[in-house]
Amino acid sequence: MSILGRNLMEPEPTLLPLEPEVIESLAAGEEPVDLAAKHPTSSLVWALLAEEALDSGYTVEGYAYARVGYHRGLDALRANGWRGQGPVPWTHEPNRGFLRSLAALGQAAAAIAEHGEVERIGTLLNDCDPTAAEQIRALRS
């Protein structure tokens with residue numbers, strides 16, 4: 001990208017590494033609950049567990065799964081140069097596990113009326129990628 005038109009004060013986007021074993025296992029039909037034990041650092045696995053729990057009405061379990069995915073994602077982001085701010089683009093597929101965990105955490109926090117957390121998560125999700133919430137809603141509908 002040319003420096004023209006780019007905000008030089010904004011950090012470079014953070015791009016998480018691929019998780020080919022997780023993607024291949026999911027494509028082969030392996031269940032996220034089984035993958036969590038094999039790949040506990042995968043935010044995508046925890047996001048899938050959180051979404052499934054929330055969709056089934058298990059709010060507390062969904063909150064817990066999403067919280068794990070969020071923290072595993074923060075660990076991965078920091079290991080890849082993220083310093084607490086800057087873009088985490090949805091268009092980079094390996095970032096989606098973190099972003100989905102974050103969105104699920106916001107959904108679960110709203111369900112238990114943790115209003116401050118909902119606001120903080122919404123701000124972080126928007127700061128990471130302003131299109132992520134809409135993309136996640138479209139993916140899940």
# chains A, B, ... in the order shown; residues from 1 in each chain; ligands from 1
>>> select_by_dssp(residues="region 7-139 of chain A", states="helix (DSSP H, G or I)", output="compact mmCIF listing (two decimals) with N, CA and C atoms, in the first residue's frame")
# COMPACT_ATOMS: atom_id res chain seq x y z
N PRO A 20 -4.09 -24.21 9.99
CA PRO A 20 -4.55 -25.23 9.02
C PRO A 20 -5.10 -26.49 9.65
N GLU A 21 -4.53 -26.93 10.79
CA GLU A 21 -5.03 -28.15 11.42
C GLU A 21 -6.46 -27.98 11.90
N VAL A 22 -6.76 -26.80 12.45
CA VAL A 22 -8.11 -26.53 12.94
C VAL A 22 -9.09 -26.47 11.78
N ILE A 23 -8.73 -25.74 10.73
CA ILE A 23 -9.62 -25.59 9.57
C ILE A 23 -9.87 -26.94 8.91
N GLU A 24 -8.81 -27.73 8.74
CA GLU A 24 -8.97 -29.05 8.12
C GLU A 24 -9.85 -29.97 8.98
N SER A 25 -9.65 -29.92 10.29
CA SER A 25 -10.44 -30.77 11.19
C SER A 25 -11.91 -30.37 11.18
N LEU A 26 -12.19 -29.08 11.17
CA LEU A 26 -13.57 -28.60 11.09
C LEU A 26 -14.20 -29.03 9.76
N ALA A 27 -13.45 -28.88 8.67
CA ALA A 27 -13.96 -29.26 7.35
C ALA A 27 -14.23 -30.76 7.28
N PRO A 32 -16.21 -28.88 17.45
CA PRO A 32 -15.42 -27.89 18.19
C PRO A 32 -15.06 -28.33 19.61
N VAL A 33 -15.97 -29.03 20.29
CA VAL A 33 -15.68 -29.47 21.65
C VAL A 33 -14.48 -30.41 21.69
N ASP A 34 -14.33 -31.24 20.68
CA ASP A 34 -13.18 -32.13 20.61
C ASP A 34 -11.92 -31.37 20.22
N LEU A 35 -12.07 -30.38 19.36
CA LEU A 35 -10.93 -29.58 18.93
C LEU A 35 -10.39 -28.68 20.04
N ALA A 36 -11.25 -28.28 20.96
CA ALA A 36 -10.79 -27.41 22.05
C ALA A 36 -9.71 -28.09 22.87
N ALA A 37 -9.82 -29.39 23.06
CA ALA A 37 -8.80 -30.12 23.82
C ALA A 37 -7.51 -30.27 23.02
N LYS A 38 -7.63 -30.36 21.69
CA LYS A 38 -6.45 -30.53 20.84
C LYS A 38 -5.78 -29.20 20.49
N SER A 43 -8.75 -19.36 18.99
CA SER A 43 -9.93 -18.54 19.25
C SER A 43 -11.13 -18.99 18.44
N LEU A 44 -10.88 -19.49 17.23
CA LEU A 44 -11.98 -19.93 16.39
C LEU A 44 -12.76 -21.07 17.06
N VAL A 45 -12.06 -22.03 17.61
CA VAL A 45 -12.73 -23.15 18.28
C VAL A 45 -13.60 -22.64 19.42
N TRP A 46 -13.05 -21.75 20.24
CA TRP A 46 -13.81 -21.21 21.38
C TRP A 46 -14.98 -20.35 20.91
N ALA A 47 -14.80 -19.62 19.81
CA ALA A 47 -15.90 -18.82 19.26
C ALA A 47 -17.04 -19.73 18.81
N LEU A 48 -16.71 -20.82 18.14
CA LEU A 48 -17.75 -21.75 17.69
C LEU A 48 -18.50 -22.36 18.87
N LEU A 49 -17.76 -22.72 19.92
CA LEU A 49 -18.41 -23.25 21.13
C LEU A 49 -19.31 -22.19 21.76
N ALA A 50 -18.84 -20.95 21.82
CA ALA A 50 -19.63 -19.87 22.41
C ALA A 50 -20.91 -19.63 21.61
N GLU A 51 -20.78 -19.56 20.29
CA GLU A 51 -21.95 -19.32 19.46
C GLU A 51 -22.97 -20.44 19.59
N GLU A 52 -22.48 -21.68 19.61
CA GLU A 52 -23.38 -22.83 19.76
C GLU A 52 -24.11 -22.78 21.11
N ALA A 53 -23.38 -22.48 22.16
CA ALA A 53 -23.99 -22.41 23.49
C ALA A 53 -25.03 -21.28 23.55
N LEU A 54 -24.67 -20.12 23.03
CA LEU A 54 -25.60 -18.99 23.06
C LEU A 54 -26.85 -19.30 22.23
N ASP A 55 -26.65 -19.90 21.06
CA ASP A 55 -27.79 -20.24 20.21
C ASP A 55 -28.71 -21.27 20.87
N THR A 59 -26.45 -19.33 28.21
CA THR A 59 -25.80 -18.03 28.26
C THR A 59 -24.50 -18.05 29.06
N VAL A 60 -24.52 -18.63 30.23
CA VAL A 60 -23.33 -18.63 31.08
C VAL A 60 -22.21 -19.43 30.42
N GLU A 61 -22.55 -20.57 29.85
CA GLU A 61 -21.55 -21.37 29.16
C GLU A 61 -21.00 -20.62 27.94
N GLY A 62 -21.90 -19.96 27.21
CA GLY A 62 -21.48 -19.16 26.06
C GLY A 62 -20.55 -18.04 26.47
N TYR A 63 -20.88 -17.41 27.59
CA TYR A 63 -20.03 -16.34 28.12
C TYR A 63 -18.63 -16.89 28.44
N ALA A 64 -18.59 -18.04 29.09
CA ALA A 64 -17.31 -18.63 29.47
C ALA A 64 -16.49 -19.01 28.23
N TYR A 65 -17.10 -19.66 27.27
CA TYR A 65 -16.39 -20.03 26.04
C TYR A 65 -15.88 -18.77 25.32
N ALA A 66 -16.74 -17.77 25.21
CA ALA A 66 -16.35 -16.54 24.53
C ALA A 66 -15.21 -15.84 25.26
N ARG A 67 -15.25 -15.86 26.58
CA ARG A 67 -14.19 -15.23 27.37
C ARG A 67 -12.84 -15.92 27.12
N VAL A 68 -12.86 -17.26 27.05
CA VAL A 68 -11.62 -18.00 26.75
C VAL A 68 -11.13 -17.62 25.35
N GLY A 69 -12.02 -17.62 24.37
CA GLY A 69 -11.63 -17.28 23.00
C GLY A 69 -11.07 -15.87 22.90
N TYR A 70 -11.68 -14.97 23.62
CA TYR A 70 -11.23 -13.57 23.64
C TYR A 70 -9.81 -13.49 24.21
N HIS A 71 -9.57 -14.14 25.34
CA HIS A 71 -8.24 -14.08 25.96
C HIS A 71 -7.19 -14.82 25.14
N ARG A 72 -7.56 -15.95 24.55
CA ARG A 72 -6.61 -16.65 23.67
C ARG A 72 -6.29 -15.78 22.47
N GLY A 73 -7.29 -15.07 21.97
CA GLY A 73 -7.08 -14.15 20.85
C GLY A 73 -6.17 -12.99 21.23
N LEU A 74 -6.38 -12.42 22.41
CA LEU A 74 -5.49 -11.34 22.87
C LEU A 74 -4.05 -11.82 22.95
N ASP A 75 -3.86 -13.03 23.47
CA ASP A 75 -2.51 -13.61 23.55
C ASP A 75 -1.90 -13.71 22.15
N ALA A 76 -2.67 -14.21 21.20
CA ALA A 76 -2.17 -14.37 19.83
C ALA A 76 -1.88 -13.02 19.18
N LEU A 77 -2.78 -12.06 19.39
CA LEU A 77 -2.57 -10.73 18.82
C LEU A 77 -1.29 -10.11 19.36
N ARG A 78 -1.11 -10.18 20.66
CA ARG A 78 0.09 -9.60 21.27
C ARG A 78 1.35 -10.30 20.76
N ALA A 79 1.29 -11.61 20.61
CA ALA A 79 2.44 -12.36 20.10
C ALA A 79 2.77 -11.99 18.65
N GLU A 93 -8.78 -13.96 7.22
CA GLU A 93 -9.57 -15.04 7.82
C GLU A 93 -9.07 -15.52 9.18
N PRO A 94 -7.75 -15.66 9.41
CA PRO A 94 -7.31 -16.11 10.74
C PRO A 94 -7.68 -15.16 11.89
N ASN A 95 -8.02 -13.91 11.58
CA ASN A 95 -8.45 -12.96 12.62
C ASN A 95 -9.89 -13.20 13.06
N ARG A 96 -10.63 -13.96 12.30
CA ARG A 96 -12.07 -14.09 12.55
C ARG A 96 -12.40 -14.81 13.83
N GLY A 97 -11.57 -15.74 14.27
CA GLY A 97 -11.85 -16.42 15.54
C GLY A 97 -11.86 -15.45 16.69
N PHE A 98 -10.86 -14.56 16.74
CA PHE A 98 -10.83 -13.54 17.79
C PHE A 98 -12.04 -12.63 17.68
N LEU A 99 -12.32 -12.14 16.48
CA LEU A 99 -13.43 -11.19 16.31
C LEU A 99 -14.77 -11.86 16.64
N ARG A 100 -14.94 -13.12 16.28
CA ARG A 100 -16.18 -13.83 16.61
C ARG A 100 -16.29 -14.08 18.12
N SER A 101 -15.17 -14.40 18.76
CA SER A 101 -15.18 -14.56 20.22
C SER A 101 -15.57 -13.26 20.89
N LEU A 102 -15.02 -12.17 20.39
CA LEU A 102 -15.32 -10.86 20.95
C LEU A 102 -16.81 -10.53 20.79
N ALA A 103 -17.36 -10.78 19.62
CA ALA A 103 -18.78 -10.53 19.39
C ALA A 103 -19.65 -11.42 20.28
N ALA A 104 -19.29 -12.69 20.41
CA ALA A 104 -20.05 -13.61 21.26
C ALA A 104 -19.98 -13.17 22.72
N LEU A 105 -18.82 -12.67 23.14
CA LEU A 105 -18.70 -12.17 24.50
C LEU A 105 -19.62 -10.98 24.72
N GLY A 106 -19.71 -10.11 23.73
CA GLY A 106 -20.63 -8.98 23.83
C GLY A 106 -22.08 -9.43 23.91
N GLN A 107 -22.43 -10.43 23.11
CA GLN A 107 -23.80 -10.96 23.14
C GLN A 107 -24.12 -11.56 24.51
N ALA A 108 -23.19 -12.35 25.03
CA ALA A 108 -23.41 -12.98 26.34
C ALA A 108 -23.45 -11.94 27.45
N ALA A 109 -22.57 -10.96 27.38
CA ALA A 109 -22.56 -9.90 28.40
C ALA A 109 -23.88 -9.13 28.39
N ALA A 110 -24.43 -8.90 27.20
CA ALA A 110 -25.73 -8.22 27.11
C ALA A 110 -26.82 -9.06 27.75
N ALA A 111 -26.75 -10.36 27.55
CA ALA A 111 -27.77 -11.26 28.10
C ALA A 111 -27.76 -11.31 29.62
N HIS A 115 -23.62 -4.24 31.36
CA HIS A 115 -23.68 -3.13 30.42
C HIS A 115 -22.33 -2.48 30.13
N GLY A 116 -21.50 -2.29 31.13
CA GLY A 116 -20.18 -1.71 30.89
C GLY A 116 -19.33 -2.57 29.97
N GLU A 117 -19.43 -3.88 30.17
CA GLU A 117 -18.69 -4.81 29.33
C GLU A 117 -19.20 -4.78 27.90
N VAL A 118 -20.51 -4.68 27.72
CA VAL A 118 -21.10 -4.62 26.38
C VAL A 118 -20.55 -3.41 25.64
N GLU A 119 -20.51 -2.28 26.31
CA GLU A 119 -20.01 -1.04 25.69
C GLU A 119 -18.52 -1.16 25.35
N ARG A 120 -17.74 -1.68 26.27
CA ARG A 120 -16.30 -1.83 26.04
C ARG A 120 -16.03 -2.77 24.87
N ILE A 121 -16.75 -3.88 24.82
CA ILE A 121 -16.57 -4.86 23.75
C ILE A 121 -16.99 -4.27 22.41
N GLY A 122 -18.10 -3.58 22.40
CA GLY A 122 -18.56 -2.94 21.16
C GLY A 122 -17.53 -1.96 20.62
N THR A 123 -16.95 -1.19 21.51
CA THR A 123 -15.91 -0.23 21.09
C THR A 123 -14.69 -0.95 20.55
N LEU A 124 -14.24 -2.00 21.25
CA LEU A 124 -13.07 -2.75 20.80
C LEU A 124 -13.33 -3.42 19.46
N LEU A 125 -14.48 -4.03 19.29
CA LEU A 125 -14.82 -4.69 18.03
C LEU A 125 -14.81 -3.67 16.89
N ASN A 126 -15.40 -2.52 17.11
CA ASN A 126 -15.43 -1.47 16.10
C ASN A 126 -14.02 -0.93 15.81
N ASP A 127 -13.22 -0.79 16.85
CA ASP A 127 -11.85 -0.31 16.65
C ASP A 127 -11.01 -1.32 15.88
N CYS A 128 -11.25 -2.60 16.11
CA CYS A 128 -10.52 -3.64 15.38
C CYS A 128 -10.89 -3.62 13.91
N ALA A 132 -16.72 -5.64 11.14
CA ALA A 132 -16.75 -6.99 11.73
C ALA A 132 -18.12 -7.36 12.28
N ALA A 133 -18.75 -6.49 13.03
CA ALA A 133 -20.05 -6.84 13.63
C ALA A 133 -21.07 -7.21 12.56
N GLU A 134 -21.11 -6.42 11.51
CA GLU A 134 -22.05 -6.70 10.41
C GLU A 134 -21.69 -8.01 9.71
N GLN A 135 -20.40 -8.26 9.51
CA GLN A 135 -19.96 -9.50 8.86
C GLN A 135 -20.34 -10.71 9.71
N ILE A 136 -20.17 -10.59 11.02
CA ILE A 136 -20.49 -11.70 11.92
C ILE A 136 -21.99 -11.95 11.94
N ARG A 137 -22.79 -10.89 11.98
CA ARG A 137 -24.25 -11.06 11.92
C ARG A 137 -24.65 -11.78 10.64
N ALA A 138 -24.07 -11.39 9.51
CA ALA A 138 -24.40 -12.01 8.22
C ALA A 138 -23.98 -13.48 8.21
N LEU A 139 -22.83 -13.77 8.78
CA LEU A 139 -22.32 -15.15 8.84
C LEU A 139 -23.24 -16.04 9.67
>>> closest_residue(among="A:Pro130, A:Gly84, A:Pro89, A:Tyr58", to="Ile112 (chain A)", atoms="only C-alpha atoms")
A:Tyr58
>>> closest_residue(among="A:Ser141, A:Thr14, A:Ser56, A:Thr41", to="Arg83 (chain A)", atoms="only C-alpha atoms")
A:Thr14
>>> atom_distance(atom1="CA of Leu15 (chain A)", atom2="CA of Asn80 (chain A)")
7.3 Å
>>> closest_residue(among="A:Pro40, A:Thr131, A:Gly86, A:Arg140", to="Pro11 (chain A)", atoms="only C-alpha atoms")
A:Gly86
>>> atom_distance(atom1="CA of Asp129 (chain A)", atom2="CA of His92 (chain A)")
10.8 Å
